There are 2 protein chains.
Amino acid sequence: MSATRYDVIGIGNAIVDVLSHSDEEFLQRQKMPKGSMSLIDEKRAEAIYNAMGPVVEVSGGSAANTIAGVAMLGGTAAFVGKVKNDELGHTFARDIRASSVAYSTPMAESGPSTARCYILVTPDGQRTMNTYLGAAQDLTVDDISVDEIRSAKVLYLEGYLWDPKRAKEAFVKAAGVAHDNGRTVALTLSDAFCVDRYRKEFLGLIRNKTVDLLFANETELKSLYETGDFDAAVEALRQDVSIAVVTRSEDGAMVVTRDMTETVPAFPVERVVDSTGAGDLFAAGFLYGFAKGLPHVDSLRLGALCAAEVISHMGARPERNLRDLANENGLL
Amino acid sequence: MSATRYDVIGIGNAIVDVLSHSDEEFLQRQKMPKGSMSLIDEKRAEAIYNAMGPVVEVSGGSAANTIAGVAMLGGTAAFVGKVKNDELGHTFARDIRASSVAYSTPMAESGPSTARCYILVTPDGQRTMNTYLGAAQDLTVDDISVDEIRSAKVLYLEGYLWDPKRAKEAFVKAAGVAHDNGRTVALTLSDAFCVDRYRKEFLGLIRNKTVDLLFANETELKSLYETGDFDAAVEALRQDVSIAVVTRSEDGAMVVTRDMTETVPAFPVERVVDSTGAGDLFAAGFLYGFAKGLPHVDSLRLGALCAAEVISHMGARPERNLRDLANENGLL
């Protein structure tokens, strides 16, 4: 096993989020399934943007949020994802580098513009996402640097990568390189609808041991095993993957391995302002702890703390210094 | 007095804010006087942007924030300010219209790009601002619609308008139109450094009765009268202007007229995340109440509530529905 340069390297869709508060009626009028992530084309993107309220723009992207979180906790981290050489592309690139994340994926010089996600946040703090994938669709196997992948302890992949046409080849190549070098491959299931689109492929990746560490929330897990019975889904998962981290919103989170289950409660929050990024930042906390060799239960606690920070404000990138926050709470 | 179409019309610099958390050392390295607003050129803007951390982009501009707040409280409102026909210009225009504010200032087709304000937020919640005025400098007397000004109960002007070369002519024209139609003219002093730049002119505007209603915070007021004695400044102010609203951060706020002073405490907040927009939103609450004919002390309370909302998150545009918030707190 060669020397490591990074604790975690992530591959995902490089997206800038455009967030706005909205009421339930807006979602109904726009026929948006509440809480879901829908893929949209450029025309629909423009229609949504024109209809939504005043916005806040913040860099996003599921794996990118996670990687930014790992770096903010003090981990070494890198990200791979495609933007175009346009204004939003530069915003994304600048922001992730400003979070101390190594980022060197070449920008697309032609083709669709940088990906945006239009996010409607309802008064209950739930977020409903509409993603225009744009340039993120053009991530290919050529964007994967063997050298970079093998120098990271953990390779982290988002399920959403199954949406762009050719990103899954990049995904599989990267996983191969990681395993050839004795690294851990982690996957997040991303979204219950995403699981619904690619259930067979995700189960295949888990069962053929392409994935060592799986992140899922309760809904995604039930969708994966097509059951309404949470405990049954957990037992199925236990047989299929080495380590699974399952998040249950206000009911806390658990780590599941072949022979044990450990749980932690949710970290208390004053008010859930915007749940965007809750899963992403939970993963950040856990991955940081995992890469540093902390006991699983401590990694879970870090995850719960990071998730609590990100749901207490708009946007999926942390606003408070996560390392200071972890110190204050005696977790680091 | 003709019929009114708007409760408040505001004229100000049309700016998009680019906010980031920073530590005190960053301000020292960048030689930024903490808590101030500095005017910068495009080269310096780029240098700051490249040096600062991950950002959040939100529409801003002092008077624009106030006007958006008035509309969010349920008032009818209009805004006048100059952007360029570029990406940020469209963002600004879309956002203010999405807040139900009438906005019809023609976009500049050439010249400098839309104004940006680079805001560094320190862990104490203080903000330090660096403004590239860009297209906002090109607001002229031709952008003032007599018809629009005379149809608003209150004309609200920001002191920062003294910075662009020709905006003060627009300011004076608008004030004349307002008074010819029996309207109230309000001015915010904007910033202690701004007062320092234009003290004589601001005192002139107040003393020659161009301004009926003045907004100032404690520091601006002391700067205006060049005194360290707050009570002396208040007494001077009482002689100079019909109505003055003075804000004192956590020490609350007061309304001062020739023969009375009324005070309210600050509205309690869990944690000051970012003080950007505190004064702007205080003005929004007061102006809404004033336009609706509420007792001054109730208008002050509305101001304190709106200020509390905006300092509890990043950015100077409210995230919660201000009208709902006012209802919940029994203020509307």
# chains A, B, ... in the order shown; residues from 1 in each chain; ligands from 1
$ interface_residues --of "chain B" --to "chain A" --cutoff "6 Å" --atoms "only C-alpha atoms" --output "list in words"
Gly53, Pro54, Val56, Glu57, Val58, Asp95 and Ala98 of chain B
$ write_last_selection --atoms "N, CA and C atoms" --output "PDB file, in the first residue's frame"
ATOM      1  N   GLY B  53     -12.780  32.938   1.603  1.00  0.00           N
ATOM      2  CA  GLY B  53     -13.216  31.545   1.699  1.00  0.00           C
ATOM      3  C   GLY B  53     -14.428  31.257   0.825  1.00  0.00           C
ATOM      4  N   PRO B  54     -15.055  30.082   1.012  1.00  0.00           N
ATOM      5  CA  PRO B  54     -16.253  29.722   0.241  1.00  0.00           C
ATOM      6  C   PRO B  54     -17.334  30.782   0.446  1.00  0.00           C
ATOM      7  N   VAL B  56     -21.283  32.726  -0.203  1.00  0.00           N
ATOM      8  CA  VAL B  56     -22.723  32.683  -0.446  1.00  0.00           C
ATOM      9  C   VAL B  56     -23.041  33.956  -1.221  1.00  0.00           C
ATOM     10  N   GLU B  57     -23.798  33.849  -2.302  1.00  0.00           N
ATOM     11  CA  GLU B  57     -24.185  35.044  -3.053  1.00  0.00           C
ATOM     12  C   GLU B  57     -25.661  35.343  -2.837  1.00  0.00           C
ATOM     13  N   VAL B  58     -25.956  36.561  -2.431  1.00  0.00           N
ATOM     14  CA  VAL B  58     -27.338  36.993  -2.190  1.00  0.00           C
ATOM     15  C   VAL B  58     -27.452  38.440  -2.653  1.00  0.00           C
ATOM     16  N   ASP B  95     -34.379  38.917  -8.274  1.00  0.00           N
ATOM     17  CA  ASP B  95     -34.595  38.771  -6.837  1.00  0.00           C
ATOM     18  C   ASP B  95     -35.492  39.864  -6.280  1.00  0.00           C
ATOM     19  N   ALA B  98     -38.917  39.260  -7.387  1.00  0.00           N
ATOM     20  CA  ALA B  98     -39.459  38.076  -6.718  1.00  0.00           C
ATOM     21  C   ALA B  98     -39.887  38.398  -5.287  1.00  0.00           C
TER      22      ALA B  98
END
$ select_by_dssp --residues "range 161-291 of chain A" --states "strand (DSSP E or B)" --output "PDB file with C-alpha atoms, in the first residue's frame"
ATOM      1  CA  THR A 184     -11.908   1.659   0.930  1.00  0.00           C
ATOM      2  CA  VAL A 185     -14.690   2.386  -1.562  1.00  0.00           C
ATOM      3  CA  ALA A 186     -17.742   4.205  -0.168  1.00  0.00           C
ATOM      4  CA  LEU A 187     -21.048   4.910  -1.892  1.00  0.00           C
ATOM      5  CA  THR A 188     -24.043   6.996  -0.894  1.00  0.00           C
ATOM      6  CA  LEU A 213     -18.931   1.248   2.987  1.00  0.00           C
ATOM      7  CA  LEU A 214     -22.496   2.258   2.193  1.00  0.00           C
ATOM      8  CA  PHE A 215     -24.363   5.430   3.250  1.00  0.00           C
ATOM      9  CA  ALA A 216     -28.153   5.380   3.100  1.00  0.00           C
ATOM     10  CA  ASN A 217     -31.053   7.050   4.803  1.00  0.00           C
ATOM     11  CA  ILE A 243     -20.083  -1.455   6.837  1.00  0.00           C
ATOM     12  CA  ALA A 244     -23.279   0.513   6.422  1.00  0.00           C
ATOM     13  CA  VAL A 245     -24.161   3.901   7.885  1.00  0.00           C
ATOM     14  CA  VAL A 246     -27.916   4.489   8.077  1.00  0.00           C
ATOM     15  CA  THR A 247     -29.331   7.912   8.926  1.00  0.00           C
ATOM     16  CA  ALA A 253     -28.189   7.210  12.999  1.00  0.00           C
ATOM     17  CA  MET A 254     -26.595   3.784  13.147  1.00  0.00           C
ATOM     18  CA  VAL A 255     -23.618   1.867  11.883  1.00  0.00           C
ATOM     19  CA  VAL A 256     -24.273  -1.729  10.875  1.00  0.00           C
ATOM     20  CA  THR A 257     -21.657  -4.416  10.294  1.00  0.00           C
ATOM     21  CA  THR A 261     -25.127  -2.408  15.345  1.00  0.00           C
ATOM     22  CA  GLU A 262     -24.306   0.872  17.079  1.00  0.00           C
ATOM     23  CA  THR A 263     -26.617   3.866  17.266  1.00  0.00           C
ATOM     24  CA  VAL A 264     -26.368   7.539  18.192  1.00  0.00           C
TER      25      VAL A 264
END
$ closest_residue --among "A:Arg207, A:Arg127, A:Arg183, A:His296" --to "Glu24 in chain A" --atoms "only C-alpha atoms"
A:Arg127
$ residues_around --residues "range 8-13 of chain B" --least-positions-apart "6" --cutoff "7 Å" --atoms "only C-alpha atoms" --output "ChimeraX atom specification"
/B:61-64,67,76-82,136,149,152-158,161
$ residues_around --residues "Gln137 in chain A" --least-positions-apart "2" --cutoff "7 Å" --atoms "only C-alpha atoms" --output "PyMOL selection string"
chain A and resi 133-135+139+164-165
$ atom_distance --atom1 "CA of Ser151 in chain A" --atom2 "CA of Phe286 in chain A"
19.6 Å
$ atom_distance --atom1 "CA of Cys194 in chain A" --atom2 "CA of Thr219 in chain A"
11.2 Å
$ select_by_dssp --residues "range 16-202 of chain B" --states "alpha helix (DSSP H)" --output "VMD selection string"
chain B and resid 24 to 29 42 to 51 62 to 72 87 to 98 146 to 150 167 to 180 192 to 202
$ atom_distance --atom1 "CA of Asp298 in chain B" --atom2 "CA of Leu331 in chain B"
7.3 Å
$ closest_residue --among "B:Asn85, B:Gln239, B:Thr66, B:Asn181" --to "Glu148 in chain B" --atoms "only C-alpha atoms"
B:Asn181
$ decode --residues "range 175-188 of chain A" --atoms "N, CA and C atoms" --output "mmCIF file, in the first residue's frame"
data_model
loop_
_atom_site.group_PDB
_atom_site.id
_atom_site.type_symbol
_atom_site.label_atom_id
_atom_site.label_comp_id
_atom_site.auth_asym_id
_atom_site.auth_seq_id
_atom_site.Cartn_x
_atom_site.Cartn_y
_atom_site.Cartn_z
ATOM 1 N N ALA A 175 -13.142 2.876 -8.673
ATOM 2 C CA ALA A 175 -13.287 1.846 -7.643
ATOM 3 C C ALA A 175 -12.235 0.751 -7.838
ATOM 4 N N GLY A 176 -11.965 0.387 -9.092
ATOM 5 C CA GLY A 176 -10.941 -0.625 -9.381
ATOM 6 C C GLY A 176 -9.567 -0.184 -8.909
ATOM 7 N N VAL A 177 -9.228 1.061 -9.234
ATOM 8 C CA VAL A 177 -7.927 1.603 -8.824
ATOM 9 C C VAL A 177 -7.822 1.610 -7.303
ATOM 10 N N ALA A 178 -8.876 2.031 -6.645
ATOM 11 C CA ALA A 178 -8.865 2.104 -5.179
ATOM 12 C C ALA A 178 -8.616 0.720 -4.578
ATOM 13 N N HIS A 179 -9.369 -0.273 -5.052
ATOM 14 C CA HIS A 179 -9.208 -1.619 -4.494
ATOM 15 C C HIS A 179 -7.848 -2.219 -4.810
ATOM 16 N N ASP A 180 -7.329 -1.945 -5.997
ATOM 17 C CA ASP A 180 -5.993 -2.445 -6.347
ATOM 18 C C ASP A 180 -4.941 -1.914 -5.386
ATOM 19 N N ASN A 181 -5.258 -0.795 -4.735
ATOM 20 C CA ASN A 181 -4.301 -0.185 -3.822
ATOM 21 C C ASN A 181 -4.715 -0.331 -2.360
ATOM 22 N N GLY A 182 -5.641 -1.245 -2.118
ATOM 23 C CA GLY A 182 -6.037 -1.529 -0.738
ATOM 24 C C GLY A 182 -6.848 -0.441 -0.068
ATOM 25 N N ARG A 183 -7.510 0.392 -0.866
ATOM 26 C CA ARG A 183 -8.311 1.486 -0.291
ATOM 27 C C ARG A 183 -9.751 1.050 -0.057
ATOM 28 N N THR A 184 -10.489 1.907 0.674
ATOM 29 C CA THR A 184 -11.908 1.659 0.930
ATOM 30 C C THR A 184 -12.749 2.406 -0.097
ATOM 31 N N VAL A 185 -13.770 1.727 -0.636
ATOM 32 C CA VAL A 185 -14.690 2.386 -1.562
ATOM 33 C C VAL A 185 -16.035 2.590 -0.863
ATOM 34 N N ALA A 186 -16.468 3.860 -0.811
ATOM 35 C CA ALA A 186 -17.742 4.205 -0.168
ATOM 36 C C ALA A 186 -18.716 4.745 -1.198
ATOM 37 N N LEU A 187 -19.992 4.438 -0.991
ATOM 38 C CA LEU A 187 -21.048 4.910 -1.892
ATOM 39 C C LEU A 187 -22.201 5.444 -1.064
ATOM 40 N N THR A 188 -22.775 6.575 -1.490
ATOM 41 C CA THR A 188 -24.043 6.996 -0.894
ATOM 42 C C THR A 188 -25.150 6.722 -1.901
#
